[in-house]
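Shown next: target_7.cif, given as mmCIF, N, CA and C atoms.
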data_data
loop_
_atom_site.label_atom_id
_atom_site.label_comp_id
_atom_site.auth_asym_id
_atom_site.auth_seq_id
_atom_site.Cartn_x
_atom_site.Cartn_y
_atom_site.Cartn_z
N MET A 1 -2.47 3.86 -7.87
CA MET A 1 -1.50 3.76 -6.80
C MET A 1 -2.26 3.73 -5.48
N LEU A 2 -1.91 2.81 -4.63
CA LEU A 2 -2.47 2.77 -3.29
C LEU A 2 -1.63 3.66 -2.41
N ASN A 3 -2.23 4.55 -1.69
CA ASN A 3 -1.49 5.39 -0.75
C ASN A 3 -1.68 4.83 0.64
N LEU A 4 -0.59 4.47 1.25
CA LEU A 4 -0.62 4.03 2.64
C LEU A 4 -0.03 5.16 3.47
N SER A 5 -0.87 5.86 4.17
CA SER A 5 -0.34 6.91 5.03
C SER A 5 -0.72 6.57 6.46
N LEU A 6 0.10 6.99 7.33
CA LEU A 6 -0.09 6.66 8.73
C LEU A 6 -0.43 7.90 9.52
N THR A 7 -1.57 7.87 10.16
CA THR A 7 -1.96 8.90 11.09
C THR A 7 -2.16 8.21 12.43
N VAL A 8 -1.42 8.65 13.40
CA VAL A 8 -1.49 8.00 14.70
C VAL A 8 -2.18 8.94 15.68
N ASP A 9 -3.44 8.62 16.00
CA ASP A 9 -4.13 9.38 17.03
C ASP A 9 -3.53 8.97 18.36
N GLY A 10 -3.27 9.92 19.22
CA GLY A 10 -2.72 9.61 20.53
C GLY A 10 -1.23 9.37 20.52
N LEU A 11 -0.53 9.84 19.47
CA LEU A 11 0.92 9.64 19.41
C LEU A 11 1.64 10.23 20.61
N PRO A 12 1.28 11.43 21.08
CA PRO A 12 1.97 11.96 22.26
C PRO A 12 1.83 11.03 23.48
N GLU A 13 0.64 10.46 23.67
CA GLU A 13 0.43 9.56 24.81
C GLU A 13 1.24 8.28 24.64
N LEU A 14 1.29 7.77 23.39
CA LEU A 14 2.06 6.57 23.12
C LEU A 14 3.55 6.82 23.37
N ILE A 15 4.04 7.95 22.90
CA ILE A 15 5.45 8.31 23.09
C ILE A 15 5.77 8.39 24.58
N LYS A 16 4.86 8.99 25.33
CA LYS A 16 5.07 9.13 26.78
C LYS A 16 5.09 7.74 27.43
N LYS A 17 4.15 6.88 27.05
CA LYS A 17 4.09 5.55 27.63
C LYS A 17 5.33 4.73 27.30
N LEU A 18 5.84 4.92 26.09
CA LEU A 18 7.04 4.19 25.67
C LEU A 18 8.32 4.84 26.18
N ASN A 19 8.18 5.99 26.82
CA ASN A 19 9.32 6.72 27.34
C ASN A 19 10.34 6.97 26.23
N THR A 20 9.84 7.55 25.14
CA THR A 20 10.68 7.83 23.98
C THR A 20 10.33 9.21 23.45
N THR A 21 10.95 9.61 22.36
CA THR A 21 10.67 10.90 21.73
C THR A 21 10.07 10.65 20.35
N GLU A 22 9.47 11.68 19.80
CA GLU A 22 8.90 11.55 18.46
C GLU A 22 9.99 11.22 17.44
N ALA A 23 11.17 11.83 17.62
CA ALA A 23 12.28 11.58 16.71
C ALA A 23 12.70 10.11 16.73
N GLU A 24 12.57 9.46 17.89
CA GLU A 24 12.90 8.04 18.00
C GLU A 24 11.75 7.16 17.51
N MET A 25 10.53 7.65 17.65
CA MET A 25 9.35 6.85 17.32
C MET A 25 9.09 6.78 15.81
N VAL A 26 9.30 7.87 15.09
CA VAL A 26 8.99 7.91 13.67
C VAL A 26 9.73 6.81 12.89
N PRO A 27 11.03 6.60 13.13
CA PRO A 27 11.70 5.50 12.40
C PRO A 27 11.10 4.14 12.73
N GLU A 28 10.66 3.95 13.96
CA GLU A 28 10.04 2.68 14.34
C GLU A 28 8.69 2.49 13.63
N LEU A 29 7.92 3.56 13.55
CA LEU A 29 6.64 3.48 12.83
C LEU A 29 6.86 3.28 11.33
N ASN A 30 7.95 3.86 10.81
CA ASN A 30 8.27 3.64 9.40
C ASN A 30 8.59 2.17 9.13
N LYS A 31 9.17 1.48 10.12
CA LYS A 31 9.43 0.04 9.96
C LYS A 31 8.11 -0.72 9.80
N ALA A 32 7.13 -0.38 10.60
CA ALA A 32 5.81 -1.02 10.48
C ALA A 32 5.17 -0.67 9.15
N LEU A 33 5.34 0.56 8.70
CA LEU A 33 4.82 0.97 7.40
C LEU A 33 5.49 0.18 6.28
N ASP A 34 6.79 -0.04 6.40
CA ASP A 34 7.50 -0.83 5.38
C ASP A 34 6.97 -2.26 5.32
N VAL A 35 6.71 -2.86 6.47
CA VAL A 35 6.15 -4.22 6.50
C VAL A 35 4.78 -4.21 5.83
N SER A 36 3.97 -3.21 6.14
CA SER A 36 2.64 -3.09 5.55
C SER A 36 2.72 -2.90 4.04
N ALA A 37 3.64 -2.06 3.60
CA ALA A 37 3.78 -1.80 2.17
C ALA A 37 4.24 -3.06 1.43
N GLN A 38 5.17 -3.79 2.01
CA GLN A 38 5.64 -5.03 1.38
C GLN A 38 4.50 -6.05 1.28
N ALA A 39 3.72 -6.18 2.34
CA ALA A 39 2.58 -7.11 2.33
C ALA A 39 1.55 -6.67 1.28
N THR A 40 1.34 -5.37 1.16
CA THR A 40 0.39 -4.85 0.19
C THR A 40 0.89 -5.09 -1.23
N LEU A 41 2.18 -4.86 -1.47
CA LEU A 41 2.75 -5.11 -2.79
C LEU A 41 2.61 -6.59 -3.18
N SER A 42 2.88 -7.46 -2.24
CA SER A 42 2.75 -8.89 -2.51
C SER A 42 1.32 -9.26 -2.88
N ARG A 43 0.35 -8.73 -2.12
CA ARG A 43 -1.05 -9.01 -2.41
C ARG A 43 -1.46 -8.41 -3.75
N LEU A 44 -0.99 -7.18 -4.03
CA LEU A 44 -1.30 -6.52 -5.30
C LEU A 44 -0.80 -7.34 -6.47
N GLN A 45 0.41 -7.86 -6.36
CA GLN A 45 0.98 -8.65 -7.44
C GLN A 45 0.20 -9.95 -7.63
N THR A 46 -0.31 -10.50 -6.55
CA THR A 46 -1.16 -11.69 -6.66
C THR A 46 -2.47 -11.36 -7.37
N ASN A 47 -3.02 -10.20 -7.10
CA ASN A 47 -4.31 -9.80 -7.67
C ASN A 47 -4.21 -9.22 -9.08
N THR A 48 -3.02 -8.87 -9.53
CA THR A 48 -2.85 -8.22 -10.83
C THR A 48 -3.05 -9.23 -11.96
N PRO A 49 -3.95 -8.91 -12.90
CA PRO A 49 -4.12 -9.80 -14.05
C PRO A 49 -2.84 -9.80 -14.90
N VAL A 50 -2.56 -10.95 -15.50
CA VAL A 50 -1.32 -11.08 -16.26
C VAL A 50 -1.63 -11.42 -17.71
N ASP A 51 -1.11 -10.59 -18.59
CA ASP A 51 -1.13 -10.88 -20.02
C ASP A 51 0.33 -11.08 -20.43
N THR A 52 1.10 -10.00 -20.38
CA THR A 52 2.53 -10.09 -20.72
C THR A 52 3.40 -10.13 -19.46
N GLY A 53 2.84 -9.71 -18.32
CA GLY A 53 3.63 -9.63 -17.09
C GLY A 53 4.20 -8.25 -16.85
N ASN A 54 4.08 -7.35 -17.85
CA ASN A 54 4.63 -6.00 -17.71
C ASN A 54 3.96 -5.21 -16.59
N LEU A 55 2.65 -5.32 -16.47
CA LEU A 55 1.93 -4.58 -15.44
C LEU A 55 2.40 -5.02 -14.05
N ARG A 56 2.44 -6.32 -13.84
CA ARG A 56 2.86 -6.84 -12.54
C ARG A 56 4.30 -6.44 -12.22
N SER A 57 5.18 -6.51 -13.21
CA SER A 57 6.58 -6.17 -12.94
C SER A 57 6.80 -4.67 -12.76
N SER A 58 5.81 -3.86 -13.15
CA SER A 58 5.94 -2.40 -12.97
C SER A 58 5.57 -1.95 -11.55
N GLU A 59 4.97 -2.82 -10.77
CA GLU A 59 4.46 -2.42 -9.45
C GLU A 59 5.62 -2.19 -8.47
N ARG A 60 5.51 -1.09 -7.75
CA ARG A 60 6.58 -0.62 -6.89
C ARG A 60 6.04 -0.05 -5.58
N ILE A 61 6.96 0.13 -4.64
CA ILE A 61 6.71 0.88 -3.41
C ILE A 61 7.56 2.13 -3.49
N THR A 62 6.95 3.28 -3.28
CA THR A 62 7.72 4.52 -3.17
C THR A 62 7.37 5.16 -1.84
N ASN A 63 8.33 5.85 -1.28
CA ASN A 63 8.15 6.52 0.01
C ASN A 63 8.44 8.02 -0.18
N PRO A 64 7.42 8.78 -0.59
CA PRO A 64 7.63 10.20 -0.87
C PRO A 64 7.81 11.07 0.38
N ALA A 65 7.46 10.55 1.55
CA ALA A 65 7.59 11.34 2.78
C ALA A 65 7.61 10.37 3.96
N PRO A 66 8.07 10.84 5.12
CA PRO A 66 8.00 9.97 6.30
C PRO A 66 6.56 9.55 6.58
N LEU A 67 6.40 8.32 6.97
CA LEU A 67 5.10 7.74 7.31
C LEU A 67 4.13 7.75 6.13
N LEU A 68 4.67 7.64 4.92
CA LEU A 68 3.84 7.58 3.72
C LEU A 68 4.47 6.61 2.73
N ALA A 69 3.66 5.71 2.21
CA ALA A 69 4.12 4.79 1.18
C ALA A 69 3.07 4.71 0.08
N ASN A 70 3.52 4.71 -1.14
CA ASN A 70 2.65 4.49 -2.29
C ASN A 70 2.98 3.12 -2.86
N VAL A 71 1.96 2.33 -3.11
CA VAL A 71 2.13 1.00 -3.67
C VAL A 71 1.29 0.92 -4.93
N GLY A 72 1.91 0.57 -6.05
CA GLY A 72 1.13 0.43 -7.27
C GLY A 72 1.98 0.41 -8.50
N PRO A 73 1.32 0.35 -9.64
CA PRO A 73 2.03 0.31 -10.91
C PRO A 73 2.76 1.62 -11.19
N ASP A 74 3.90 1.52 -11.81
CA ASP A 74 4.66 2.68 -12.27
C ASP A 74 4.04 3.10 -13.60
N SER A 75 3.43 4.27 -13.63
CA SER A 75 2.70 4.70 -14.83
C SER A 75 3.63 4.93 -16.02
N SER A 76 4.90 5.12 -15.79
CA SER A 76 5.82 5.28 -16.92
C SER A 76 6.13 3.93 -17.57
N LYS A 77 5.99 2.84 -16.81
CA LYS A 77 6.26 1.50 -17.35
C LYS A 77 4.98 0.79 -17.79
N ALA A 78 3.87 1.14 -17.17
CA ALA A 78 2.58 0.53 -17.52
C ALA A 78 1.51 1.62 -17.52
N PRO A 79 1.54 2.51 -18.54
CA PRO A 79 0.61 3.63 -18.57
C PRO A 79 -0.86 3.21 -18.72
N TYR A 80 -1.09 1.97 -19.06
CA TYR A 80 -2.44 1.46 -19.27
C TYR A 80 -3.05 0.88 -17.98
N ALA A 81 -2.33 0.93 -16.88
CA ALA A 81 -2.80 0.32 -15.62
C ALA A 81 -4.18 0.82 -15.22
N TYR A 82 -4.43 2.11 -15.37
CA TYR A 82 -5.72 2.69 -15.02
C TYR A 82 -6.85 2.01 -15.79
N TYR A 83 -6.63 1.77 -17.07
CA TYR A 83 -7.67 1.18 -17.92
C TYR A 83 -7.91 -0.29 -17.57
N VAL A 84 -6.87 -0.98 -17.14
CA VAL A 84 -7.05 -2.35 -16.68
C VAL A 84 -7.88 -2.34 -15.39
N GLU A 85 -7.64 -1.35 -14.54
CA GLU A 85 -8.36 -1.24 -13.27
C GLU A 85 -9.84 -0.95 -13.48
N VAL A 86 -10.16 0.07 -14.27
CA VAL A 86 -11.55 0.54 -14.35
C VAL A 86 -12.30 0.11 -15.60
N GLY A 87 -11.62 -0.44 -16.59
CA GLY A 87 -12.27 -0.85 -17.83
C GLY A 87 -12.09 0.20 -18.91
N HIS A 88 -12.38 -0.21 -20.15
CA HIS A 88 -12.20 0.70 -21.27
C HIS A 88 -12.90 0.16 -22.52
N HIS A 89 -13.09 1.06 -23.46
CA HIS A 89 -13.62 0.68 -24.78
C HIS A 89 -12.44 0.37 -25.70
N THR A 90 -12.60 -0.65 -26.50
CA THR A 90 -11.59 -0.96 -27.50
C THR A 90 -11.80 -0.05 -28.71
N ARG A 91 -10.89 -0.09 -29.65
CA ARG A 91 -11.02 0.72 -30.87
C ARG A 91 -12.27 0.34 -31.65
N SER A 92 -12.66 -0.93 -31.56
CA SER A 92 -13.86 -1.36 -32.28
C SER A 92 -15.14 -0.98 -31.54
N GLY A 93 -14.99 -0.46 -30.32
CA GLY A 93 -16.15 0.00 -29.57
C GLY A 93 -16.67 -0.95 -28.51
N SER A 94 -16.12 -2.15 -28.46
CA SER A 94 -16.59 -3.08 -27.42
C SER A 94 -16.02 -2.66 -26.07
N TRP A 95 -16.67 -3.13 -25.01
CA TRP A 95 -16.28 -2.75 -23.65
C TRP A 95 -15.48 -3.88 -23.01
N VAL A 96 -14.34 -3.53 -22.45
CA VAL A 96 -13.54 -4.47 -21.66
C VAL A 96 -13.74 -4.07 -20.21
N PRO A 97 -14.37 -4.94 -19.40
CA PRO A 97 -14.64 -4.57 -18.01
C PRO A 97 -13.36 -4.42 -17.19
N GLY A 98 -13.45 -3.58 -16.18
CA GLY A 98 -12.32 -3.38 -15.28
C GLY A 98 -12.03 -4.63 -14.46
N GLN A 99 -10.78 -4.78 -14.09
CA GLN A 99 -10.35 -5.90 -13.26
C GLN A 99 -10.38 -5.54 -11.77
N PHE A 100 -10.32 -4.26 -11.45
CA PHE A 100 -10.39 -3.75 -10.08
C PHE A 100 -9.39 -4.43 -9.14
N PHE A 101 -8.20 -4.70 -9.66
CA PHE A 101 -7.18 -5.37 -8.86
C PHE A 101 -6.62 -4.48 -7.77
N ILE A 102 -6.57 -3.17 -8.01
CA ILE A 102 -6.09 -2.24 -6.98
C ILE A 102 -7.13 -2.08 -5.89
N GLU A 103 -8.38 -1.88 -6.29
CA GLU A 103 -9.46 -1.77 -5.30
C GLU A 103 -9.57 -3.03 -4.46
N LYS A 104 -9.51 -4.18 -5.10
CA LYS A 104 -9.59 -5.45 -4.39
C LYS A 104 -8.46 -5.57 -3.36
N THR A 105 -7.26 -5.18 -3.75
CA THR A 105 -6.11 -5.24 -2.84
C THR A 105 -6.32 -4.32 -1.65
N ALA A 106 -6.79 -3.10 -1.92
CA ALA A 106 -7.02 -2.15 -0.82
C ALA A 106 -8.03 -2.71 0.17
N LEU A 107 -9.11 -3.29 -0.33
CA LEU A 107 -10.13 -3.85 0.56
C LEU A 107 -9.59 -5.05 1.35
N GLU A 108 -8.83 -5.89 0.69
CA GLU A 108 -8.26 -7.06 1.37
C GLU A 108 -7.24 -6.68 2.43
N MET A 109 -6.47 -5.63 2.16
CA MET A 109 -5.36 -5.28 3.05
C MET A 109 -5.74 -4.36 4.19
N ASN A 110 -6.91 -3.75 4.15
CA ASN A 110 -7.29 -2.78 5.17
C ASN A 110 -7.13 -3.34 6.59
N LYS A 111 -7.75 -4.44 6.89
CA LYS A 111 -7.67 -5.05 8.22
C LYS A 111 -6.26 -5.57 8.50
N ASN A 112 -5.63 -6.12 7.49
CA ASN A 112 -4.29 -6.66 7.64
C ASN A 112 -3.29 -5.58 8.07
N ILE A 113 -3.39 -4.42 7.44
CA ILE A 113 -2.49 -3.31 7.78
C ILE A 113 -2.75 -2.84 9.20
N GLN A 114 -4.00 -2.74 9.58
CA GLN A 114 -4.32 -2.36 10.96
C GLN A 114 -3.69 -3.34 11.93
N ASP A 115 -3.81 -4.63 11.64
CA ASP A 115 -3.26 -5.66 12.52
C ASP A 115 -1.74 -5.56 12.62
N ILE A 116 -1.08 -5.26 11.51
CA ILE A 116 0.38 -5.10 11.53
C ILE A 116 0.77 -3.99 12.50
N PHE A 117 0.09 -2.85 12.42
CA PHE A 117 0.42 -1.74 13.31
C PHE A 117 0.05 -2.02 14.76
N ILE A 118 -1.09 -2.65 14.97
CA ILE A 118 -1.49 -2.99 16.34
C ILE A 118 -0.46 -3.92 16.97
N ASN A 119 -0.06 -4.95 16.23
CA ASN A 119 0.94 -5.89 16.75
C ASN A 119 2.28 -5.21 16.96
N PHE A 120 2.64 -4.33 16.06
CA PHE A 120 3.91 -3.61 16.19
C PHE A 120 3.91 -2.75 17.45
N ILE A 121 2.83 -2.03 17.68
CA ILE A 121 2.75 -1.17 18.87
C ILE A 121 2.69 -2.00 20.14
N ARG A 122 1.98 -3.12 20.10
CA ARG A 122 1.94 -4.03 21.26
C ARG A 122 3.35 -4.50 21.60
N ASN A 123 4.13 -4.84 20.58
CA ASN A 123 5.50 -5.29 20.83
C ASN A 123 6.36 -4.18 21.42
N LEU A 124 6.11 -2.95 21.03
CA LEU A 124 6.85 -1.83 21.60
C LEU A 124 6.51 -1.63 23.07
N LEU A 125 5.27 -1.94 23.42
CA LEU A 125 4.83 -1.74 24.80
C LEU A 125 5.31 -2.82 25.75
N LYS A 126 5.81 -3.94 25.20
CA LYS A 126 6.28 -5.04 26.06
C LYS A 126 7.57 -4.69 26.77
#

Produce structure tokens that represent the structure in this file.
Amino acid sequence: MLNLSLTVDGLPELIKKLNTTEAEMVPELNKALDVSAQATLSRLQTNTPVDTGNLRSSERITNPAPLLANVGPDSSKAPYAYYVEVGHHTRSGSWVPGQFFIEKTALEMNKNIQDIFINFIRNLLK
């Protein structure tokens, strides 16, 4: 599961500049987080290897707390996702290399997510 959490350094200064309150700002930041999570889910599904399609269809976004999103396979629907990610031995003993689709997605999305938030905050400042 990819954890997208938002830590905003300088939030008090940003709130002051925007002439708003934290209570008003958090829902706006959650909107940017939702856009980031959707973009990450889309990229993850593109990067997910497909055999039956079950792994890809199990991928979800969950929001366990404000300013936090988890993106990844639902382990109850695809309990083997970890082994697809990191690799595993078969019953006969041969090695199946990991696909690293989650790691690849995280690396690809890092700059993209930053850009989403930067653009979102720039739009708020206009």

- What is the distance, in Å and to one decimal place, between atom CA of Gly87 of chain A and atom N of Glu108 of chain A?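 Value for the atom CA of Gly87 of chain A-atom N of Glu108 of chain A distance: 19.5 Å.
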
- Can you turn the PyMOL selection byres (((chain A and resi 53-62 and name CA) around 8) and name CA) into a concrete residue list for this file, as a PyMOL selection string? chain A and resi 37-38+41+45+48-52+63-64+69-74+77-78+81

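Across the model, the gap from atom CA of Ile113 of chain A to atom CA of Leu33 of chain A is 8.5 Å.
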
- Applied to this file, what does the PyMOL selection byres ((chain A and resi 102) around 7) return in terms of residues, put as a ChimeraX atom specification? /A:2,44,47-48,85,99-101,103-107

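In this comparison, which uses all atoms listed in the file, the residue of A:Ile121, A:Glu24, A:Gly98, A:Met109 approaching Val84 of chain A most closely is A:Gly98.
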